[in-house]
Protein chains: 2
Amino acid sequence: MATIQDVAKLAGLSRTTVSRVINQHPYVTEEKKRLVSKAMEELNYVPNSSARRLRRQQTETIAVYVPRITNPFFSHLVEVMEKEAGKKGYQLILCQTRYKKEQERNFLELLKTKQVDGLILTSIENDWGQIEPYLSYGPIVVCNEYTDTAEVPIVFLNQIEGGYIGTKHLIDKGYTKLGFCSGDHKSSRVAYDRKVGFLKAVEEAGLLMKDEWFFRNAYSVQDGLNTFKALEKLDDPPQALFTGSDEVAAGLVKAAKDAGWRVPEDLAIIGFDNQPLAELMELTTVEQPIETIARNAMELMIESIQSKRRPVRKEVILPLRLIERTST
Amino acid sequence: MATIQDVAKLAGLSRTTVSRVINQHPYVTEEKKRLVSKAMEELNYVPNSSARRLRRQQTETIAVYVPRITNPFFSHLVEVMEKEAGKKGYQLILCQTRYKKEQERNFLELLKTKQVDGLILTSIENDWGQIEPYLSYGPIVVCNEYTDTAEVPIVFLNQIEGGYIGTKHLIDKGYTKLGFCSGDHKSSRVAYDRKVGFLKAVEEAGLLMKDEWFFRNAYSVQDGLNTFKALEKLDDPPQALFTGSDEVAAGLVKAAKDAGWRVPEDLAIIGFDNQPLAELMELTTVEQPIETIARNAMELMIESIQSKRRPVRKEVILPLRLIERTST
DNA sequence: TTGTACGCGTTATCAC
DNA sequence: GTGATAACGCGTACAA
């Protein structure tokens with residue numbers, strides 16, 4: 001493997017000059033530039049990035065945390081982020097926390113050991129107090145999930161609004177017995193806020209709720225199938241169900257139909273996200289502007305890295321939109 | 001940021017000893033070990049990985065190429081790979097080639113510039129001749145896609161068999177006018193071989209084929225929808241359709257039903273992969289053992305990195321399985 | 001406009 | 001057992 005030294009020798013110049021050519025510094029004669037280029041080509045030279053990283057104290061790499069990449073919401077987020085990062089010359093390291101606190105903490109070491117220039121969190125497993133100290137090692141941007149205390153750029157959606165408009169839609173359709181089904185309300189602010197929006201709409205309409213109409217820890221198609229099994233056993237099941245994702249909604253629709261229920265007559269179901277799946281299953285759903293939040297988050301990240309300022313809290317809140325189909 | 005030097009000073013020892021403790025070398029007194037550990041903790045010291053990389057000439061990072069991470073087949077592959085890599089202390093850099101030759105070539109520089117220890121390709125856009133030279137910079141493993149000439153470990157599925165059993169199933173069901181719909185047969189060996197298997201079954205049964213029953217460049221749900229629109233216009237459409245993915249099949253089923261066709265009576269459709277989507281849409285499909293190929297590929301990769309042997313061709317071929325549902 | 005010399009933080013090689 | 005010293009490959013004050 002050729003080094004910068006080899007190139008210098010072959011070109012009959014110093015390492016400095018070669019380095020200047022590589023990094024496009026001014027004050028190098030065209031002639032020497034050519035000389036250097038020729039030598040580089042001849043030796044098939046490429047700068048060693050480890051050395052560069054050490055010298056420059058930066059890696060041009062960003063870590064993105066997601067619970068699982070197979071969740072379509074997160075894979076979409078990552079797709080856009082990778083694309084944006086690539087445009088600016090950054091790479092992405094993929095970190096799947098698998099909804100585990102410990103796994104998330106392990107990945108935090110990436111920042112501490114200078115393997116990456118910054119972190120983008122799309123979900124948060126630990127308390128912010130656990131994460132906050134790592135800010136002294138590099139910037140962190142939060143995207144999708146959010147917390148009140150974090151002094152970092154945060155890009156998120158108005159999930160209270162999301163919960164509200166979805167629920168309002170069900171109410172407008174005439175359903176009076178409403179169920180709520182989502183992920184973990186305890187640790188996830190997203191799920192929590194949607195519930196707030198849901199309850200707001202329910203209250204405004206003066207509807208009654210039952211404890212048994214709340215279902216939690218539902219993330220996947222399979223969870224949707226299971227949720228229906230639970231719902232089916234109730235003496236007084238809800239007529240309509242607000243869910244936290246299209247996958248869960250799709251699972252519910254499938255299970256309901258398999259059991260001979262009609263959708264939406266016997267059970268109306270609303271999803272969240274507007275994935276391709278939602279169109280296939282004819283799900284009414286609340287659309288999230290994934291590309292926009294992903295792009296915004298990546299821009300804020302790169303800005304943070306390059307400005308080297310101490311991060312400040314900065315909220316970017318984007319709107320949601322109802323898409324009506326036949327499941328409600 | 002504390003360095004190894006700072007730790008050494010605080011502990012009253014040399015850098016060497018500190019390094020020995022960090023890297024668990026033998027021949028260090030328990031007492032000094034404690035001294036060092038204490039100093040490290042006090043200074044909140046963490047080894048700088050850029051320096052380590054430079055010194056050790058390795059990055060403990062692996063690049064994985066996929067066309068797009070939003071394709072569920074590839075996101076599943078990546079999910080498993082990341083998990084396996086993590087177990088062995090490696091990280092994953094995600095590279096989306098977006099089905100573009102140039103994008104793929106750009107990413108090859110990662111290996112050349114020593115940003116990663118190795119490359120796993122799950123799709124191949126360029127001719128192998130373009131990729132082969134990079135083998136001198138580090139190991140490459142091919143997974144899912146394949147080529148005849150590559151002297152590297154390759155983990156793949158018997159796609160001829162896949163095409164055959166799917167088609168045979170359609171024939172056994174009594175369909176005689178069969179269509180074929182997949183990605184690009186030119187560049188993708190996977191698509192090509194499935195077609196070989198398809199034709200083999202068709203020929204064995206002595207069925208006739210029409211050129212207009214072949215549809216190509218179909219990858220997504222949307223492509224499935226479009227394909228139906230094309231099929232619908234034919235004077236003599238096929239009765240059953242073999243497709244290269246569950247997404248395409250799902251799109252077809254949706255479009256067919258929307259147009260008032262019955263599935264499978266008016267048009268039978270078989271998918272490929274057995275994703276959650278296949279269950280939801282009741283698709284008969286050919287199951288691929290994704291986890292197994294992902295795990296195998298990652299193991300071969302890490303083995304290649306650690307053994308530092310010149311790679312040899314090594315095929316790992318795994319079987320496929322038919323899953324019957326109501327779409328056929 | 002070009003070159004010299006030093007440092008980035010680690011680890012491997014020798015001595016002792 | 002422990003420590004000095006020399007790489008690893010690059011970038012940049014500073015000097016010329």
# chains A, B, ... in the order shown; residues from 1 in each chain; ligands from 1
$ interface_residues --of "chain D" --to "chain B" --cutoff "7 Å" --atoms "only C-alpha atoms (C1' of nucleotides)" --output "VMD selection string"
chain D and resid 1 3 8
$ write_last_selection --atoms "N, CA and C atoms (P, O5', C5', C4', C3', O3' and C1' of nucleotides)" --output "CSV table (one decimal), in the first residue's frame"
chain,number,residue,atom,x,y,z
D,1,DG,P,6.5,-12.1,36.4
D,1,DG,O5',5.8,-10.8,36.8
D,1,DG,C5',5.5,-9.8,35.9
D,1,DG,C4',6.2,-8.5,36.3
D,1,DG,C3',5.5,-7.3,35.8
D,1,DG,O3',5.7,-6.2,36.8
D,1,DG,C1',7.6,-7.5,34.8
D,3,DG,P,6.9,1.0,34.5
D,3,DG,O5',8.0,1.4,33.4
D,3,DG,C5',9.4,1.4,33.7
D,3,DG,C4',10.2,1.8,32.5
D,3,DG,C3',9.7,3.0,31.7
D,3,DG,O3',10.8,3.8,31.3
D,3,DG,C1',9.9,1.1,30.3
D,8,DC,P,6.1,2.2,9.4
D,8,DC,O5',4.5,2.4,9.7
D,8,DC,C5',3.7,1.5,10.3
D,8,DC,C4',2.3,2.0,10.5
D,8,DC,C3',2.0,3.2,9.6
D,8,DC,O3',1.2,2.6,8.5
D,8,DC,C1',1.4,3.7,11.9
$ interface_residues --of "chain C" --to "chain A" --cutoff "9 Å" --atoms "only C-alpha atoms (C1' of nucleotides)" --output "PDB file with N, CA and C atoms (P, O5', C5', C4', C3', O3' and C1' of nucleotides), in the first residue's frame"
ATOM      1  P    DT C   1       2.055  31.383  -5.942  1.00  0.00           P
ATOM      2  O5'  DT C   1       2.943  30.117  -5.558  1.00  0.00           O
ATOM      3  C5'  DT C   1       3.841  29.569  -6.495  1.00  0.00           C
ATOM      4  C4'  DT C   1       4.919  28.909  -5.707  1.00  0.00           C
ATOM      5  C3'  DT C   1       4.618  27.472  -5.267  1.00  0.00           C
ATOM      6  O3'  DT C   1       5.507  26.617  -5.968  1.00  0.00           O
ATOM      7  C1'  DT C   1       5.652  28.744  -3.523  1.00  0.00           C
ATOM      8  P    DT C   2       5.431  25.080  -5.870  1.00  0.00           P
ATOM      9  O5'  DT C   2       6.297  24.777  -4.589  1.00  0.00           O
ATOM     10  C5'  DT C   2       7.707  24.685  -4.708  1.00  0.00           C
ATOM     11  C4'  DT C   2       8.302  24.488  -3.337  1.00  0.00           C
ATOM     12  C3'  DT C   2       8.097  23.106  -2.721  1.00  0.00           C
ATOM     13  O3'  DT C   2       9.322  22.405  -2.832  1.00  0.00           O
ATOM     14  C1'  DT C   2       7.951  24.877  -1.111  1.00  0.00           C
ATOM     15  P    DG C   3       9.380  20.885  -2.277  1.00  0.00           P
ATOM     16  O5'  DG C   3       9.993  21.080  -0.821  1.00  0.00           O
ATOM     17  C5'  DG C   3      11.207  21.788  -0.676  1.00  0.00           C
ATOM     18  C4'  DG C   3      11.558  21.907   0.788  1.00  0.00           C
ATOM     19  C3'  DG C   3      11.555  20.585   1.563  1.00  0.00           C
ATOM     20  O3'  DG C   3      12.687  20.575   2.411  1.00  0.00           O
ATOM     21  C1'  DG C   3      10.116  22.134   2.625  1.00  0.00           C
ATOM     22  P    DG C   7       6.176  17.974  19.285  1.00  0.00           P
ATOM     23  O5'  DG C   7       4.648  17.592  19.047  1.00  0.00           O
ATOM     24  C5'  DG C   7       3.749  18.578  18.530  1.00  0.00           C
ATOM     25  C4'  DG C   7       2.494  17.886  18.087  1.00  0.00           C
ATOM     26  C3'  DG C   7       2.050  16.750  19.022  1.00  0.00           C
ATOM     27  O3'  DG C   7       0.650  16.855  19.211  1.00  0.00           O
ATOM     28  C1'  DG C   7       2.277  15.921  16.826  1.00  0.00           C
ATOM     29  P    DC C   8      -0.088  16.138  20.413  1.00  0.00           P
ATOM     30  O5'  DC C   8      -1.233  15.326  19.686  1.00  0.00           O
ATOM     31  C5'  DC C   8      -2.183  15.947  18.828  1.00  0.00           C
ATOM     32  C4'  DC C   8      -2.853  14.869  18.025  1.00  0.00           C
ATOM     33  C3'  DC C   8      -3.016  13.564  18.794  1.00  0.00           C
ATOM     34  O3'  DC C   8      -4.298  13.544  19.421  1.00  0.00           O
ATOM     35  C1'  DC C   8      -2.277  13.201  16.516  1.00  0.00           C
ATOM     36  P    DG C   9      -4.377  13.356  21.003  1.00  0.00           P
ATOM     37  O5'  DG C   9      -4.266  11.775  21.142  1.00  0.00           O
ATOM     38  C5'  DG C   9      -5.300  10.986  20.598  1.00  0.00           C
ATOM     39  C4'  DG C   9      -4.856   9.544  20.586  1.00  0.00           C
ATOM     40  C3'  DG C   9      -4.443   8.987  21.955  1.00  0.00           C
ATOM     41  O3'  DG C   9      -5.172   7.808  22.142  1.00  0.00           O
ATOM     42  C1'  DG C   9      -2.800   8.519  20.325  1.00  0.00           C
TER      43       DG C   9
END
$ interface_residues --of "chain A" --to "chain B" --cutoff "6 Å" --atoms "only C-alpha atoms" --output "ChimeraX atom specification"
/A:46,48-51,53-54,69-70,75-76,79,92-94,113
$ write_last_selection --atoms "N, CA and C atoms" --output "PDB file, in the first residue's frame"
ATOM      1  N   VAL A  46      -4.073   6.082  -2.421  1.00  0.00           N
ATOM      2  CA  VAL A  46      -5.281   6.623  -1.797  1.00  0.00           C
ATOM      3  C   VAL A  46      -4.931   6.988  -0.364  1.00  0.00           C
ATOM      4  N   ASN A  48      -4.886   7.182   3.463  1.00  0.00           N
ATOM      5  CA  ASN A  48      -5.360   6.251   4.484  1.00  0.00           C
ATOM      6  C   ASN A  48      -6.280   6.998   5.452  1.00  0.00           C
ATOM      7  N   SER A  49      -7.505   6.523   5.532  1.00  0.00           N
ATOM      8  CA  SER A  49      -8.468   7.317   6.290  1.00  0.00           C
ATOM      9  C   SER A  49      -8.268   7.227   7.800  1.00  0.00           C
ATOM     10  N   SER A  50      -7.663   6.144   8.263  1.00  0.00           N
ATOM     11  CA  SER A  50      -7.413   6.064   9.699  1.00  0.00           C
ATOM     12  C   SER A  50      -6.438   7.156  10.128  1.00  0.00           C
ATOM     13  N   ALA A  51      -5.408   7.332   9.338  1.00  0.00           N
ATOM     14  CA  ALA A  51      -4.417   8.362   9.646  1.00  0.00           C
ATOM     15  C   ALA A  51      -5.066   9.743   9.584  1.00  0.00           C
ATOM     16  N   ARG A  53      -8.183  10.459  10.031  1.00  0.00           N
ATOM     17  CA  ARG A  53      -9.083  10.633  11.173  1.00  0.00           C
ATOM     18  C   ARG A  53      -8.316  11.036  12.409  1.00  0.00           C
ATOM     19  N   LEU A  54      -7.201  10.370  12.613  1.00  0.00           N
ATOM     20  CA  LEU A  54      -6.407  10.650  13.807  1.00  0.00           C
ATOM     21  C   LEU A  54      -5.913  12.093  13.770  1.00  0.00           C
ATOM     22  N   ILE A  69     -34.245  -2.254  12.261  1.00  0.00           N
ATOM     23  CA  ILE A  69     -34.281  -1.717  10.900  1.00  0.00           C
ATOM     24  C   ILE A  69     -35.427  -2.329  10.094  1.00  0.00           C
ATOM     25  N   THR A  70     -35.936  -3.467  10.514  1.00  0.00           N
ATOM     26  CA  THR A  70     -37.038  -4.089   9.771  1.00  0.00           C
ATOM     27  C   THR A  70     -38.373  -3.375   9.979  1.00  0.00           C
ATOM     28  N   SER A  75     -36.871   2.042   8.722  1.00  0.00           N
ATOM     29  CA  SER A  75     -36.050   1.815   7.536  1.00  0.00           C
ATOM     30  C   SER A  75     -36.219   2.961   6.549  1.00  0.00           C
ATOM     31  N   HIS A  76     -37.411   3.508   6.516  1.00  0.00           N
ATOM     32  CA  HIS A  76     -37.645   4.658   5.645  1.00  0.00           C
ATOM     33  C   HIS A  76     -36.827   5.860   6.128  1.00  0.00           C
ATOM     34  N   GLU A  79     -33.243   5.218   5.275  1.00  0.00           N
ATOM     35  CA  GLU A  79     -32.989   5.354   3.840  1.00  0.00           C
ATOM     36  C   GLU A  79     -32.702   6.805   3.471  1.00  0.00           C
ATOM     37  N   LEU A  92     -22.882   6.313   7.299  1.00  0.00           N
ATOM     38  CA  LEU A  92     -23.791   5.978   8.388  1.00  0.00           C
ATOM     39  C   LEU A  92     -23.418   4.654   9.024  1.00  0.00           C
ATOM     40  N   ILE A  93     -23.341   4.653  10.346  1.00  0.00           N
ATOM     41  CA  ILE A  93     -23.231   3.382  11.048  1.00  0.00           C
ATOM     42  C   ILE A  93     -24.592   3.066  11.623  1.00  0.00           C
ATOM     43  N   LEU A  94     -25.032   1.856  11.366  1.00  0.00           N
ATOM     44  CA  LEU A  94     -26.367   1.457  11.793  1.00  0.00           C
ATOM     45  C   LEU A  94     -26.323   0.810  13.175  1.00  0.00           C
ATOM     46  N   THR A 113     -15.514   6.954  22.094  1.00  0.00           N
ATOM     47  CA  THR A 113     -14.242   6.467  21.557  1.00  0.00           C
ATOM     48  C   THR A 113     -13.923   7.090  20.199  1.00  0.00           C
TER      49      THR A 113
END
$ select_by_dssp --residues "stretch 64-244 of chain A" --states "alpha helix (DSSP H)" --output "number ranges by chain"
A: 72-87, 101-112, 128-131, 159-172, 189-204, 221-232
$ write_last_selection --atoms "C-alpha atoms" --output "CSV table (one decimal), in the first residue's frame"
chain,number,residue,atom,x,y,z
A,72,PRO,CA,-40.7,0.1,7.9
A,73,PHE,CA,-41.0,3.4,9.6
A,74,PHE,CA,-37.4,3.3,10.7
A,75,SER,CA,-36.1,1.8,7.5
A,76,HIS,CA,-37.6,4.7,5.6
A,77,LEU,CA,-36.1,7.1,8.0
A,78,VAL,CA,-32.7,5.5,7.6
A,79,GLU,CA,-33.0,5.4,3.8
A,80,VAL,CA,-33.4,9.1,3.6
A,81,MET,CA,-30.7,9.8,6.2
A,82,GLU,CA,-28.2,7.7,4.4
A,83,LYS,CA,-28.9,9.5,1.2
A,84,GLU,CA,-28.5,12.9,2.7
A,85,ALA,CA,-25.4,11.9,4.6
A,86,GLY,CA,-23.8,10.6,1.4
A,87,LYS,CA,-24.4,13.9,-0.4
A,101,LYS,CA,-31.6,0.1,27.4
A,102,GLU,CA,-28.3,-1.8,27.6
A,103,GLN,CA,-27.9,-2.1,23.9
A,104,GLU,CA,-28.4,1.6,23.6
A,105,ARG,CA,-25.9,2.4,26.2
A,106,ASN,CA,-23.3,0.2,24.5
A,107,PHE,CA,-23.6,2.1,21.3
A,108,LEU,CA,-23.0,5.4,23.2
A,109,GLU,CA,-19.4,4.4,23.5
A,110,LEU,CA,-19.1,4.9,19.7
A,111,LEU,CA,-19.2,8.6,20.4
A,112,LYS,CA,-16.9,8.5,23.4
A,128,TRP,CA,-32.1,11.4,29.2
A,129,GLY,CA,-29.9,11.6,32.3
A,130,GLN,CA,-28.0,8.5,31.1
A,131,ILE,CA,-27.4,10.0,27.7
A,159,GLN,CA,-48.1,13.5,18.1
A,160,ILE,CA,-50.8,15.0,20.3
A,161,GLU,CA,-52.3,16.4,17.1
A,162,GLY,CA,-51.8,13.1,15.4
A,163,GLY,CA,-53.7,11.3,18.2
A,164,TYR,CA,-56.3,13.9,18.1
A,165,ILE,CA,-57.1,14.0,14.3
A,166,GLY,CA,-57.1,10.2,14.0
A,167,THR,CA,-59.5,10.0,16.9
A,168,LYS,CA,-61.6,12.9,15.8
A,169,HIS,CA,-62.1,11.1,12.5
A,170,LEU,CA,-63.4,8.1,14.3
A,171,ILE,CA,-65.8,10.2,16.3
A,172,ASP,CA,-67.0,12.0,13.2
A,189,ARG,CA,-43.1,10.2,24.5
A,190,VAL,CA,-44.5,9.5,21.0
A,191,ALA,CA,-46.9,6.9,22.3
A,192,TYR,CA,-47.7,9.0,25.3
A,193,ASP,CA,-48.6,12.1,23.3
A,194,ARG,CA,-50.8,10.2,20.9
A,195,LYS,CA,-52.7,9.0,23.9
A,196,VAL,CA,-53.0,12.6,25.2
A,197,GLY,CA,-54.5,13.6,21.8
A,198,PHE,CA,-56.7,10.6,21.8
A,199,LEU,CA,-58.1,11.4,25.2
A,200,LYS,CA,-58.5,15.0,24.3
A,201,ALA,CA,-60.8,14.1,21.4
A,202,VAL,CA,-62.7,11.5,23.5
A,203,GLU,CA,-63.3,14.0,26.2
A,204,GLU,CA,-64.4,16.8,23.9
A,221,VAL,CA,-48.2,-7.3,12.5
A,222,GLN,CA,-48.0,-10.2,14.9
A,223,ASP,CA,-48.9,-7.9,17.8
A,224,GLY,CA,-51.9,-6.7,15.8
A,225,LEU,CA,-53.0,-10.3,15.4
A,226,ASN,CA,-52.7,-10.9,19.1
A,227,THR,CA,-54.4,-7.8,20.1
A,228,PHE,CA,-57.5,-8.9,18.1
A,229,LYS,CA,-57.5,-12.2,20.0
A,230,ALA,CA,-57.6,-10.2,23.3
A,231,LEU,CA,-60.3,-7.8,22.0
A,232,GLU,CA,-62.4,-10.6,20.7
$ select_by_dssp --residues "stretch 120-298 of chain B" --states "strand (DSSP E or B)" --output "VMD selection string"
chain B and resid 120 to 121 140 to 143 153 to 157 178 to 181 214 to 215 240 to 243 268 to 273 284 to 287
$ write_last_selection --atoms "N, CA and C atoms" --output "PDB file, in the first residue's frame"
ATOM      1  N   ILE B 120     -19.636  -6.672   2.246  1.00  0.00           N
ATOM      2  CA  ILE B 120     -20.616  -7.710   1.929  1.00  0.00           C
ATOM      3  C   ILE B 120     -21.570  -7.143   0.886  1.00  0.00           C
ATOM      4  N   LEU B 121     -21.653  -7.800  -0.238  1.00  0.00           N
ATOM      5  CA  LEU B 121     -22.550  -7.356  -1.302  1.00  0.00           C
ATOM      6  C   LEU B 121     -23.801  -8.215  -1.322  1.00  0.00           C
ATOM      7  N   ILE B 140     -14.083  -9.568   0.295  1.00  0.00           N
ATOM      8  CA  ILE B 140     -15.441  -9.286  -0.169  1.00  0.00           C
ATOM      9  C   ILE B 140     -16.227 -10.582  -0.077  1.00  0.00           C
ATOM     10  N   VAL B 141     -17.426 -10.500   0.449  1.00  0.00           N
ATOM     11  CA  VAL B 141     -18.302 -11.670   0.499  1.00  0.00           C
ATOM     12  C   VAL B 141     -19.582 -11.317  -0.244  1.00  0.00           C
ATOM     13  N   VAL B 142     -20.069 -12.244  -1.016  1.00  0.00           N
ATOM     14  CA  VAL B 142     -21.301 -12.005  -1.756  1.00  0.00           C
ATOM     15  C   VAL B 142     -22.425 -12.811  -1.109  1.00  0.00           C
ATOM     16  N   CYS B 143     -23.554 -12.180  -0.942  1.00  0.00           N
ATOM     17  CA  CYS B 143     -24.682 -12.816  -0.258  1.00  0.00           C
ATOM     18  C   CYS B 143     -25.963 -12.543  -1.024  1.00  0.00           C
ATOM     19  N   PRO B 153     -16.049 -15.916  -1.150  1.00  0.00           N
ATOM     20  CA  PRO B 153     -17.131 -16.705  -0.555  1.00  0.00           C
ATOM     21  C   PRO B 153     -18.485 -16.164  -1.020  1.00  0.00           C
ATOM     22  N   ILE B 154     -19.365 -17.040  -1.387  1.00  0.00           N
ATOM     23  CA  ILE B 154     -20.691 -16.643  -1.854  1.00  0.00           C
ATOM     24  C   ILE B 154     -21.745 -17.466  -1.127  1.00  0.00           C
ATOM     25  N   VAL B 155     -22.707 -16.793  -0.554  1.00  0.00           N
ATOM     26  CA  VAL B 155     -23.802 -17.498   0.108  1.00  0.00           C
ATOM     27  C   VAL B 155     -25.065 -17.203  -0.669  1.00  0.00           C
ATOM     28  N   PHE B 156     -25.649 -18.221  -1.222  1.00  0.00           N
ATOM     29  CA  PHE B 156     -26.862 -17.929  -1.977  1.00  0.00           C
ATOM     30  C   PHE B 156     -27.854 -19.077  -1.962  1.00  0.00           C
ATOM     31  N   LEU B 157     -29.002 -18.796  -2.550  1.00  0.00           N
ATOM     32  CA  LEU B 157     -30.078 -19.768  -2.561  1.00  0.00           C
ATOM     33  C   LEU B 157     -30.211 -20.335  -3.956  1.00  0.00           C
ATOM     34  N   LEU B 178     -49.332 -19.234 -18.043  1.00  0.00           N
ATOM     35  CA  LEU B 178     -48.526 -18.697 -16.947  1.00  0.00           C
ATOM     36  C   LEU B 178     -47.729 -17.454 -17.341  1.00  0.00           C
ATOM     37  N   GLY B 179     -47.757 -16.444 -16.474  1.00  0.00           N
ATOM     38  CA  GLY B 179     -46.960 -15.240 -16.688  1.00  0.00           C
ATOM     39  C   GLY B 179     -45.791 -15.189 -15.724  1.00  0.00           C
ATOM     40  N   PHE B 180     -44.798 -14.374 -16.061  1.00  0.00           N
ATOM     41  CA  PHE B 180     -43.594 -14.271 -15.228  1.00  0.00           C
ATOM     42  C   PHE B 180     -43.268 -12.797 -15.024  1.00  0.00           C
ATOM     43  N   CYS B 181     -43.045 -12.433 -13.786  1.00  0.00           N
ATOM     44  CA  CYS B 181     -42.845 -11.020 -13.464  1.00  0.00           C
ATOM     45  C   CYS B 181     -41.741 -10.894 -12.425  1.00  0.00           C
ATOM     46  N   PHE B 214     -44.443 -11.927 -20.156  1.00  0.00           N
ATOM     47  CA  PHE B 214     -43.262 -11.620 -19.344  1.00  0.00           C
ATOM     48  C   PHE B 214     -43.271 -10.146 -18.964  1.00  0.00           C
ATOM     49  N   PHE B 215     -43.129  -9.874 -17.696  1.00  0.00           N
ATOM     50  CA  PHE B 215     -43.082  -8.492 -17.206  1.00  0.00           C
ATOM     51  C   PHE B 215     -41.776  -8.313 -16.440  1.00  0.00           C
ATOM     52  N   ALA B 240     -52.263 -17.188 -14.388  1.00  0.00           N
ATOM     53  CA  ALA B 240     -51.499 -17.207 -13.138  1.00  0.00           C
ATOM     54  C   ALA B 240     -50.169 -16.507 -13.363  1.00  0.00           C
ATOM     55  N   LEU B 241     -49.649 -15.897 -12.296  1.00  0.00           N
ATOM     56  CA  LEU B 241     -48.458 -15.084 -12.425  1.00  0.00           C
ATOM     57  C   LEU B 241     -47.429 -15.463 -11.361  1.00  0.00           C
ATOM     58  N   PHE B 242     -46.225 -15.736 -11.833  1.00  0.00           N
ATOM     59  CA  PHE B 242     -45.106 -15.945 -10.915  1.00  0.00           C
ATOM     60  C   PHE B 242     -44.426 -14.594 -10.722  1.00  0.00           C
ATOM     61  N   THR B 243     -44.226 -14.170  -9.460  1.00  0.00           N
ATOM     62  CA  THR B 243     -43.565 -12.880  -9.245  1.00  0.00           C
ATOM     63  C   THR B 243     -42.301 -13.038  -8.402  1.00  0.00           C
ATOM     64  N   ALA B 268     -54.363 -16.004 -10.594  1.00  0.00           N
ATOM     65  CA  ALA B 268     -53.638 -16.535  -9.439  1.00  0.00           C
ATOM     66  C   ALA B 268     -52.274 -15.856  -9.383  1.00  0.00           C
ATOM     67  N   ILE B 269     -51.786 -15.616  -8.172  1.00  0.00           N
ATOM     68  CA  ILE B 269     -50.511 -14.905  -8.035  1.00  0.00           C
ATOM     69  C   ILE B 269     -49.670 -15.551  -6.947  1.00  0.00           C
ATOM     70  N   ILE B 270     -48.417 -15.759  -7.263  1.00  0.00           N
ATOM     71  CA  ILE B 270     -47.516 -16.319  -6.253  1.00  0.00           C
ATOM     72  C   ILE B 270     -46.391 -15.330  -5.985  1.00  0.00           C
ATOM     73  N   GLY B 271     -46.078 -15.127  -4.707  1.00  0.00           N
ATOM     74  CA  GLY B 271     -45.038 -14.179  -4.316  1.00  0.00           C
ATOM     75  C   GLY B 271     -43.703 -14.867  -4.113  1.00  0.00           C
ATOM     76  N   PHE B 272     -42.787 -14.159  -3.479  1.00  0.00           N
ATOM     77  CA  PHE B 272     -41.481 -14.747  -3.198  1.00  0.00           C
ATOM     78  C   PHE B 272     -40.934 -14.113  -1.935  1.00  0.00           C
ATOM     79  N   ASP B 273     -40.584 -14.904  -0.963  1.00  0.00           N
ATOM     80  CA  ASP B 273     -39.914 -14.433   0.244  1.00  0.00           C
ATOM     81  C   ASP B 273     -40.584 -14.801   1.553  1.00  0.00           C
ATOM     82  N   THR B 284     -49.647 -17.086  -1.492  1.00  0.00           N
ATOM     83  CA  THR B 284     -48.795 -18.247  -1.637  1.00  0.00           C
ATOM     84  C   THR B 284     -47.425 -17.708  -2.033  1.00  0.00           C
ATOM     85  N   THR B 285     -46.377 -18.292  -1.498  1.00  0.00           N
ATOM     86  CA  THR B 285     -45.061 -17.700  -1.742  1.00  0.00           C
ATOM     87  C   THR B 285     -43.953 -18.726  -1.546  1.00  0.00           C
ATOM     88  N   VAL B 286     -42.759 -18.385  -1.995  1.00  0.00           N
ATOM     89  CA  VAL B 286     -41.605 -19.259  -1.796  1.00  0.00           C
ATOM     90  C   VAL B 286     -40.759 -18.665  -0.689  1.00  0.00           C
ATOM     91  N   GLU B 287     -40.625 -19.383   0.402  1.00  0.00           N
ATOM     92  CA  GLU B 287     -39.913 -18.850   1.555  1.00  0.00           C
ATOM     93  C   GLU B 287     -38.400 -18.922   1.387  1.00  0.00           C
TER      94      GLU B 287
END
$ residues_around --residues "A:Ile124" --least-positions-apart "6" --cutoff "9 Å" --atoms "only C-alpha atoms (C1' of nucleotides)" --output "list in words"
Tyr65, Val66, Pro67, Tyr99, Lys101, Glu104, Val142, Glu145, Tyr146, Thr147, Ser187 and Ser188 of chain A
$ atom_distance --atom1 "atom CA of A:Gln5" --atom2 "atom CA of A:Asn23"
15.4 Å
$ atom_distance --atom1 "atom CA of B:Ser327" --atom2 "atom CA of B:Val263"
5.9 Å
$ atom_distance --atom1 "atom CA of A:Pro319" --atom2 "atom CA of A:Val248"
22.3 Å
